[in-house]
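Visitor: So I've got this file, work-v7.cif, and it contains mmCIF, C-alpha atoms:
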```cif
data_run
#
loop_
_atom_site.label_atom_id
_atom_site.label_comp_id
_atom_site.auth_asym_id
_atom_site.auth_seq_id
_atom_site.Cartn_x
_atom_site.Cartn_y
_atom_site.Cartn_z
CA MET A 1 43.61 113.17 63.99
CA ARG A 2 46.77 112.22 62.11
CA SER A 3 48.29 115.67 62.63
CA ILE A 4 47.57 115.50 66.39
CA LYS A 5 49.33 112.13 66.59
CA ARG A 6 52.29 113.54 64.72
CA PHE A 7 52.36 116.61 67.01
CA ILE A 8 52.33 114.48 70.16
CA SER A 9 55.02 112.14 68.85
CA THR A 10 57.17 115.17 67.88
CA ILE A 11 56.74 116.63 71.37
CA PHE A 12 57.75 113.31 72.93
CA MET A 13 60.73 113.01 70.62
CA ILE A 14 61.93 116.54 71.43
CA GLU A 15 61.49 115.87 75.13
CA PHE A 16 63.41 112.59 74.88
CA ILE A 17 66.28 114.23 73.00
CA PHE A 18 66.34 117.14 75.47
CA CYS A 19 66.48 114.76 78.46
CA LEU A 20 69.18 112.63 76.85
CA VAL A 21 71.32 115.64 75.93
CA THR A 22 70.94 117.14 79.42
CA ILE A 23 71.78 113.88 81.19
CA VAL A 24 74.74 113.07 78.96
CA TYR A 25 76.28 116.53 78.58
CA PHE A 26 75.12 118.45 81.66
CA PRO A 27 75.08 115.87 84.47
CA ASP A 28 75.96 118.45 87.14
CA LYS A 29 72.95 120.61 86.29
CA VAL A 30 70.69 117.55 86.35
CA ALA A 31 72.16 116.59 89.72
CA LYS A 32 71.44 120.05 91.14
CA ILE A 33 67.81 119.87 90.06
CA THR A 34 67.05 116.22 90.81
CA GLY A 35 69.50 115.37 93.62
CA TYR A 36 70.71 112.35 91.66
CA ARG A 37 73.75 111.90 89.44
CA LEU A 38 74.80 109.28 86.94
CA TYR A 39 78.33 107.88 86.83
CA THR A 40 80.01 105.35 84.59
CA VAL A 41 82.04 102.69 86.38
CA MET A 42 85.34 102.37 84.57
CA THR A 43 87.06 99.64 86.59
CA ASP A 44 86.32 96.16 87.91
CA SER A 45 86.89 97.16 91.53
CA MET A 46 83.24 96.52 92.44
CA GLU A 47 82.65 93.41 90.37
CA PRO A 48 80.50 91.34 90.52
CA THR A 49 78.16 93.70 92.42
CA ILE A 50 78.64 96.51 89.89
CA PRO A 51 80.12 95.35 86.57
CA THR A 52 82.59 97.49 84.63
CA PHE A 53 80.94 100.08 82.36
CA SER A 54 77.73 100.07 84.39
CA LEU A 55 75.79 103.29 84.67
CA VAL A 56 75.41 104.00 88.39
CA LEU A 57 72.70 106.19 89.82
CA THR A 58 73.94 107.96 92.94
CA LYS A 59 71.80 109.91 95.38
CA LEU A 60 73.62 113.05 96.44
CA ILE A 61 73.66 113.51 100.20
CA PRO A 62 74.37 116.66 102.23
CA GLU A 63 77.54 116.71 104.32
CA ASP A 64 75.71 116.59 107.64
CA VAL A 65 73.93 113.33 106.83
CA GLU A 66 75.49 110.30 108.53
CA ILE A 67 76.35 107.30 106.39
CA ALA A 68 75.79 103.78 107.65
CA PRO A 69 78.77 101.39 107.41
CA ASN A 70 78.78 98.97 104.44
CA THR A 71 76.94 101.46 102.27
CA ILE A 72 78.20 101.81 98.71
CA VAL A 73 79.25 105.43 98.27
CA THR A 74 80.60 107.58 95.47
CA PHE A 75 83.53 109.67 96.62
CA GLN A 76 86.32 111.86 95.31
CA ALA A 77 89.89 110.68 95.61
CA ASN A 78 93.32 111.71 94.47
CA ARG A 79 95.18 108.98 92.63
CA PHE A 80 98.72 109.80 91.53
CA GLY A 81 97.84 113.49 91.35
CA ASP A 82 94.60 112.99 89.42
CA ASP A 83 91.22 113.76 90.96
CA ILE A 84 88.98 110.79 90.31
CA LEU A 85 85.54 109.57 91.38
CA LEU A 86 85.14 106.10 92.85
CA THR A 87 82.20 104.00 93.93
CA HIS A 88 83.26 101.67 96.75
CA TYR A 89 81.98 100.38 100.10
CA PHE A 90 82.23 102.68 103.08
CA ARG A 91 83.32 100.41 105.97
CA GLU A 92 84.11 102.49 109.02
CA THR A 93 85.45 105.79 110.28
CA GLN A 94 88.92 106.08 111.78
CA ILE A 95 90.79 108.88 113.48
CA GLY A 96 94.02 109.56 111.59
CA ASN A 97 97.40 110.48 113.07
CA ASP A 98 96.59 114.11 112.36
CA GLY A 99 93.43 113.88 114.49
CA ASN A 100 91.07 114.09 111.50
CA LEU A 101 88.17 111.73 110.97
CA TYR A 102 88.62 109.55 107.88
CA TYR A 103 86.08 107.40 106.12
CA ARG A 104 87.70 104.11 105.17
CA THR A 105 86.50 102.69 101.91
CA GLN A 106 87.00 99.27 100.38
CA ALA A 107 86.68 97.71 96.95
CA GLU A 108 84.64 94.56 96.38
CA GLY A 109 86.35 91.32 97.40
CA LYS A 110 89.43 93.01 98.89
CA ASP A 111 90.58 92.25 102.42
CA PHE A 112 92.17 95.65 102.88
CA TYR A 113 90.90 99.20 102.87
CA ASP A 114 91.64 101.73 100.15
CA ASN A 115 94.67 103.95 100.72
CA TYR A 116 92.67 107.11 100.10
CA GLU A 117 92.32 109.54 102.97
CA THR A 118 88.62 110.12 102.45
CA LYS A 119 86.96 112.82 104.48
CA ARG A 120 83.22 113.23 104.80
CA SER A 121 83.37 116.19 102.41
CA ASP A 122 84.81 113.86 99.73
CA ILE A 123 81.76 111.60 99.78
CA LEU A 124 79.26 112.81 97.22
CA GLY A 125 76.44 110.36 97.57
CA THR A 126 75.19 106.86 98.05
CA TYR A 127 74.61 104.21 95.45
CA VAL A 128 71.01 103.67 94.41
CA TYR A 129 70.97 101.51 91.31
CA HIS A 130 73.03 100.50 88.33
CA ILE A 131 72.36 99.41 84.77
CA PRO A 132 75.11 97.17 83.34
CA PHE A 133 76.86 98.29 80.13
CA LEU A 134 74.80 101.48 79.73
CA GLY A 135 77.75 103.54 80.99
CA LYS A 136 79.67 102.54 77.88
CA VAL A 137 76.86 103.88 75.72
CA PHE A 138 77.07 107.19 77.61
CA LEU A 139 80.83 107.28 77.06
CA PHE A 140 80.23 106.62 73.37
CA LEU A 141 77.66 109.41 73.09
CA LYS A 142 80.14 111.84 74.67
CA SER A 143 82.96 110.79 72.35
CA THR A 144 83.81 112.15 68.89
CA PHE A 145 82.16 109.09 67.39
CA GLY A 146 78.98 110.01 69.28
CA PHE A 147 78.92 113.31 67.41
CA ILE A 148 79.56 111.47 64.14
CA LEU A 149 76.52 109.31 64.94
CA TYR A 150 74.38 112.45 65.47
CA GLY A 151 75.41 113.60 62.00
CA GLU A 152 74.57 110.20 60.52
CA LEU A 153 71.16 110.19 62.20
CA LEU A 154 70.49 113.69 60.90
CA VAL A 155 71.29 112.55 57.35
CA ILE A 156 68.94 109.56 57.71
CA TYR A 157 66.20 111.86 59.04
CA LEU A 158 66.67 114.33 56.15
CA VAL A 159 66.59 111.51 53.57
CA ASN A 160 63.40 110.19 55.18
CA ARG A 161 61.80 113.64 55.10
CA LEU A 162 62.89 114.18 51.50
CA ILE A 163 61.32 110.91 50.32
CA GLN A 164 58.10 111.67 52.18
CA GLN A 165 57.90 115.16 50.68
CA ARG A 166 58.45 113.76 47.18
CA TRP A 167 55.63 111.29 47.72
CA GLU A 168 53.30 114.03 49.01
CA GLU A 169 54.15 116.22 45.99
CA LYS A 170 53.47 113.29 43.63
CA GLU A 171 50.14 112.60 45.34
CA LYS A 172 49.17 116.27 44.99
CA LEU A 173 50.12 116.19 41.31
CA VAL A 174 48.10 113.02 40.72
CA LYS A 175 45.12 114.54 42.56
CA GLY A 176 45.51 117.79 40.57
CA THR A 177 45.55 116.05 37.22
CA ALA A 178 42.63 113.73 38.11
CA MET B 1 52.65 96.56 52.44
CA LYS B 2 52.22 100.32 52.23
CA LYS B 3 55.21 102.23 50.95
CA SER B 4 55.19 104.50 54.04
CA THR B 5 55.56 101.39 56.20
CA ILE B 6 58.47 100.23 54.06
CA LEU B 7 60.09 103.65 54.44
CA SER B 8 59.63 103.57 58.23
CA LEU B 9 61.16 100.10 58.39
CA ALA B 10 64.06 101.11 56.17
CA THR B 11 64.65 104.19 58.33
CA ALA B 12 64.59 102.12 61.52
CA ILE B 13 67.03 99.61 60.03
CA ALA B 14 69.31 102.46 58.90
CA VAL B 15 69.24 104.05 62.37
CA VAL B 16 69.96 100.80 64.19
CA GLY B 17 72.59 99.71 61.66
CA THR B 18 74.40 103.06 61.65
CA SER B 19 74.34 103.29 65.46
CA ALA B 20 75.63 99.75 65.89
CA PHE B 21 78.36 100.22 63.27
CA THR B 22 79.54 103.56 64.69
CA PHE B 23 79.54 102.14 68.22
CA ALA B 24 81.49 99.08 67.06
CA VAL B 25 84.10 101.25 65.36
CA TRP B 26 84.45 103.41 68.50
CA ASP B 27 84.69 100.31 70.68
CA GLN B 28 87.46 98.90 68.48
CA LEU B 29 89.52 102.03 69.07
CA ASP B 30 89.64 101.22 72.74
CA ALA B 31 91.50 97.90 72.66
CA THR B 32 93.73 96.44 75.34
CA ASN B 33 96.70 94.20 74.77
CA THR B 34 97.91 92.24 77.74
CA GLY B 35 101.44 90.91 77.56
CA THR B 36 103.77 89.10 79.90
CA LEU B 37 106.91 90.77 81.11
CA SER B 38 109.63 88.67 82.69
CA LEU B 39 112.35 90.82 84.09
CA ALA B 40 115.80 89.44 83.34
CA SER B 41 118.59 89.65 85.84
CA PRO B 42 121.06 92.41 85.20
CA VAL B 43 124.28 91.44 83.48
CA LYS B 44 127.02 91.18 86.06
CA LEU B 45 130.70 91.64 85.56
CA SER B 46 132.80 90.35 88.38
CA SER B 47 136.37 89.45 89.14
CA ALA B 48 137.77 86.65 91.26
CA ASN B 49 139.67 87.03 94.49
CA PRO B 50 142.69 89.36 94.70
CA VAL B 51 145.69 88.12 92.77
CA THR B 52 149.39 88.40 93.50
CA TYR B 53 151.81 89.78 90.96
CA THR B 54 155.03 87.78 90.85
CA THR B 55 158.21 87.72 88.84
CA ALA B 56 160.13 84.73 87.59
CA ASP B 57 163.22 86.83 86.93
CA ASN B 58 165.68 86.13 89.73
CA THR B 59 168.81 86.78 87.77
CA LEU B 60 171.06 89.72 88.58
CA SER B 61 170.61 92.29 85.89
CA THR B 62 170.37 96.04 85.31
CA ASP B 63 166.98 95.47 83.74
CA ALA B 64 164.05 95.75 86.07
CA PRO B 65 162.08 92.55 86.60
CA THR B 66 158.60 92.19 85.11
CA TYR B 67 155.83 91.31 87.52
CA SER B 68 152.82 89.55 86.10
CA SER B 69 149.54 87.97 87.04
CA ASP B 70 146.47 86.58 85.36
CA VAL B 71 143.30 88.47 86.07
CA THR B 72 139.91 86.90 85.34
CA PHE B 73 136.67 88.74 84.70
CA GLU B 74 133.44 86.77 84.73
CA VAL B 75 130.37 87.88 82.81
CA ASN B 76 127.18 86.47 84.32
CA ASP B 77 123.45 86.56 83.61
CA VAL B 78 123.85 87.28 79.94
CA THR B 79 120.64 86.08 78.31
CA THR B 80 119.60 87.84 75.16
CA LYS B 81 121.77 90.93 75.30
CA ALA B 82 124.64 90.83 72.88
CA ILE B 83 127.89 91.88 74.51
CA THR B 84 130.28 93.13 71.89
CA SER B 85 133.40 93.70 73.92
CA LEU B 86 135.05 93.79 77.29
CA GLU B 87 137.27 96.77 77.84
CA ILE B 88 140.06 97.03 80.39
CA THR B 89 139.49 100.68 81.10
CA ASN B 90 142.36 101.33 83.45
CA VAL B 91 145.19 99.76 85.37
CA LYS B 92 145.93 101.69 88.50
CA VAL B 93 149.03 101.15 90.64
CA TYR B 94 149.24 102.65 94.11
CA GLU B 95 150.96 102.11 97.42
CA LYS B 96 149.18 99.47 99.46
CA ASP B 97 148.62 101.71 102.48
CA ASP B 98 147.78 104.83 100.47
CA THR B 99 144.17 105.65 101.30
CA GLU B 100 144.10 108.31 98.59
CA LYS B 101 145.29 105.74 96.03
CA ILE B 102 147.63 108.09 94.20
CA ASP B 103 148.21 106.51 90.81
CA LEU B 104 151.77 105.41 90.12
CA ALA B 105 151.00 103.73 86.78
CA ASN B 106 153.21 106.19 84.92
CA ASP B 107 156.21 104.72 86.72
CA PHE B 108 155.54 101.33 85.13
CA THR B 109 155.41 99.88 81.68
CA ILE B 110 152.08 98.08 81.64
CA SER B 111 151.24 95.30 79.28
CA ILE B 112 147.76 93.81 78.91
CA LYS B 113 147.48 90.58 76.97
CA GLY B 114 144.88 87.95 76.57
CA ALA B 115 145.90 84.92 78.61
CA THR B 116 146.30 81.58 76.87
CA GLY B 117 143.12 80.80 74.94
CA ASN B 118 141.89 84.39 74.97
CA GLU B 119 142.90 85.91 71.69
CA GLY B 120 141.75 89.15 70.16
CA VAL B 121 142.89 91.56 72.87
CA THR B 122 144.12 94.90 71.60
CA GLN B 123 146.02 97.20 73.96
CA THR B 124 146.02 100.99 73.67
CA GLY B 125 147.99 102.71 76.47
CA VAL B 126 146.72 101.35 79.78
CA THR B 127 143.47 100.24 78.21
CA ALA B 128 142.70 97.14 76.17
CA THR B 129 139.72 95.82 74.27
CA ASP B 130 138.71 92.18 74.11
CA SER B 131 136.38 91.65 71.19
CA SER B 132 135.53 88.01 71.96
CA VAL B 133 133.78 88.00 75.30
CA GLU B 134 133.16 84.67 77.00
CA LYS B 135 131.78 83.81 80.41
CA GLU B 136 135.32 83.77 81.80
CA ASN B 137 137.81 86.23 80.34
CA LYS B 138 141.42 85.86 81.43
CA TYR B 139 144.08 88.51 80.91
CA THR B 140 147.74 88.64 81.72
CA ILE B 141 148.79 91.94 83.22
CA GLU B 142 152.51 92.67 83.27
CA LEU B 143 154.15 95.55 85.11
CA THR B 144 157.76 96.55 84.66
CA PRO B 145 159.09 99.37 86.87
CA LYS B 146 160.73 102.16 84.90
CA ASP B 147 163.05 103.01 87.80
CA ASP B 148 163.74 101.99 91.39
CA ASN B 149 161.60 104.73 93.03
CA HIS B 150 159.24 102.18 94.48
CA ALA B 151 161.77 99.49 95.26
CA GLY B 152 160.96 97.56 98.42
CA LYS B 153 157.40 98.85 98.65
CA ASP B 154 154.20 96.86 98.65
CA LEU B 155 151.95 98.07 95.86
CA SER B 156 148.36 97.37 94.89
CA VAL B 157 147.18 97.02 91.32
CA ASP B 158 143.58 97.73 90.36
CA VAL B 159 142.49 96.45 86.99
CA MET B 160 139.17 97.99 85.96
CA ALA B 161 137.00 96.56 83.24
CA LYS B 162 133.60 97.16 81.71
CA ILE B 163 131.45 95.34 79.20
CA GLN B 164 129.83 96.96 76.20
#
```
Write out the structure in this file as structure tokens.
Guide:
Amino acid sequence: MRSIKRFISTIFMIEFIFCLVTIVYFPDKVAKITGYRLYTVMTDSMEPTIPTFSLVLTKLIPEDVEIAPNTIVTFQANRFGDDILLTHYFRETQIGNDGNLYYRTQAEGKDFYDNYETKRSDILGTYVYHIPFLGKVFLFLKSTFGFILYGELLVIYLVNRLIQQRWEEKEKLVKGTA
Amino acid sequence: MKKSTILSLATAIAVVGTSAFTFAVWDQLDATNTGTLSLASPVKLSSANPVTYTTADNTLSTDAPTYSSDVTFEVNDVTTKAITSLEITNVKVYEKDDTEKIDLANDFTISIKGATGNEGVTQTGVTATDSSVEKENKYTIELTPKDDNHAGKDLSVDVMAKIQ
């Protein structure tokens, strides 16, 4: 009975670690399979609705799906030459001077739209849910210090196993001599 | 308490403690310092209205008269920057109507002196250095024609200065 419990807990532990590693390090693959992607909010542009360092769950939507105004969307943008991802409100569509259809986005509490020329193809998905602060933990796990932590946890695990093995050996010796 | 329970507790405490400590160290690496920046006005060097060079020498003589004027340069908006010197970089003489401003300075003996109360001006050629810069810096520029090539003409004199 004890060995079955241990087996089940090991299976659960392996599964948990596998899920965590996949979500943290291979978010694109998870998104392909599940249709959802996790993002970390790095700025206060959506506060107080979405606090900085929240982990946002976004539902990926195909390009042909219409988006209702005032929906919070995650979209790609180019800021000073850098491709970034943002999660802002989609307010309305406008026809630009070049005749293209642009999706105007807006940050929380601002009375003006973003300057980004967002096309429908730039919008990746719609906001589903967020967990405050958890994004920072994800950032930490991806950082060099995250890898240091894995090493530390491995050492703790090995020390634990070593002590347990010593105890088992002692018990066997005691039983053998008795 | 069983020793296996103690080991489990110790392991849990080690895991939580190590994670919290490592996270705290990582978080400390990502600090932000917000400061206040007040932009100062640029230092301005300016000169007063155009001056007129005159001579007090009305006596009949074979020596050419010396024409002089005081020129003032004002240094404004100096706050924290230390200004070490004001340099008269050039004195240019040209015919008043000459749009090309062909320099005739070689036809004159030019003297640059600190006006009364402005000591410490050293002249080298047609340049001079004032090592004690105040808000108002007054110089006496004297021009003596070397010959009568420009007699009867109206000339303009540009005195250029820069601060260092």
Visitor: Atom CA of Ser111 of chain B and atom CA of Thr62 of chain B are how many Å apart?
Guide: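 Atom CA of Thr62 of chain B lies 20.1 Å from atom CA of Ser111 of chain B.
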Visitor: Kindly provide, as an MDAnalysis selection string, the residues of chain A having any atom no farther than 9 Å from an atom of chain B, counting only C-alpha atoms.
Guide: chainID A and resid 137 140:141 143:146 148:149 152:153 156:157 159:160 163:164
Visitor: Do you have the atom CA of Ile131 of chain A-atom CA of Ile17 of chain A distance handy?
Guide: 19.9 Å
Visitor: Go ahead and compute the interatomic distance for atom CA of Lys29 of chain A and atom CA of Ile72 of chain A, in Å to one decimal.
Guide: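 Calculated distance between atom CA of Lys29 of chain A and atom CA of Ile72 of chain A is 23.1 Å.
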Visitor: Mind telling me what the PyMOL selection byres ((chain B and resi 155) around 7) catches here, as an MDAnalysis selection string?
Guide: chainID B and resid 93:96 153:154 156:157
Visitor: For the selection you just gave me, I'd like the residues written to a file as a compact mmCIF listing (two decimals), in the coordinates of the input, keeping C-alpha atoms.
Guide:
```
# COMPACT_ATOMS: atom_id res chain seq x y z
CA VAL B 93 149.03 101.15 90.64
CA TYR B 94 149.24 102.65 94.11
CA GLU B 95 150.96 102.11 97.42
CA LYS B 96 149.18 99.47 99.46
CA LYS B 153 157.40 98.85 98.65
CA ASP B 154 154.20 96.86 98.65
CA SER B 156 148.36 97.37 94.89
CA VAL B 157 147.18 97.02 91.32
```
Visitor: Decode the PyMOL selection byres ((chain A and resi 119) around 6) for the given file into explicit residues and return them as an MDAnalysis selection string.
Guide: chainID A and resid 102:103 118 120:122
Visitor: First collect every listed atom of segment 98-116 of chain B; then fit an axis-aligned box around them, widen it by 5 Å on each side, and give centre and edge lengths in Å to one decimal, as JSON.
Guide:
```
{"center_x": 150.2, "center_y": 94.9, "center_z": 88.9, "size_x": 22.1, "size_y": 36.7, "size_z": 34.7}
```
Visitor: Pick from B:Thr5, B:Asn106, B:Thr36, B:Ser68: nearest to Thr52 of chain B, with only C-alpha atoms counted?
Guide: B:Ser68
Visitor: Can you pull out the residues contacting Glu108 of chain A? Cut-off 9 Å, using only C-alpha atoms, and skip same-chain residues under 2 positions away; I want them as a list in words.
Guide: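 In the requested format, the answer is Asp44, Ser45, Met46, Glu47, Pro48, Thr49, His88, Tyr89, Gln106, Lys110 and Asp111 of chain A.
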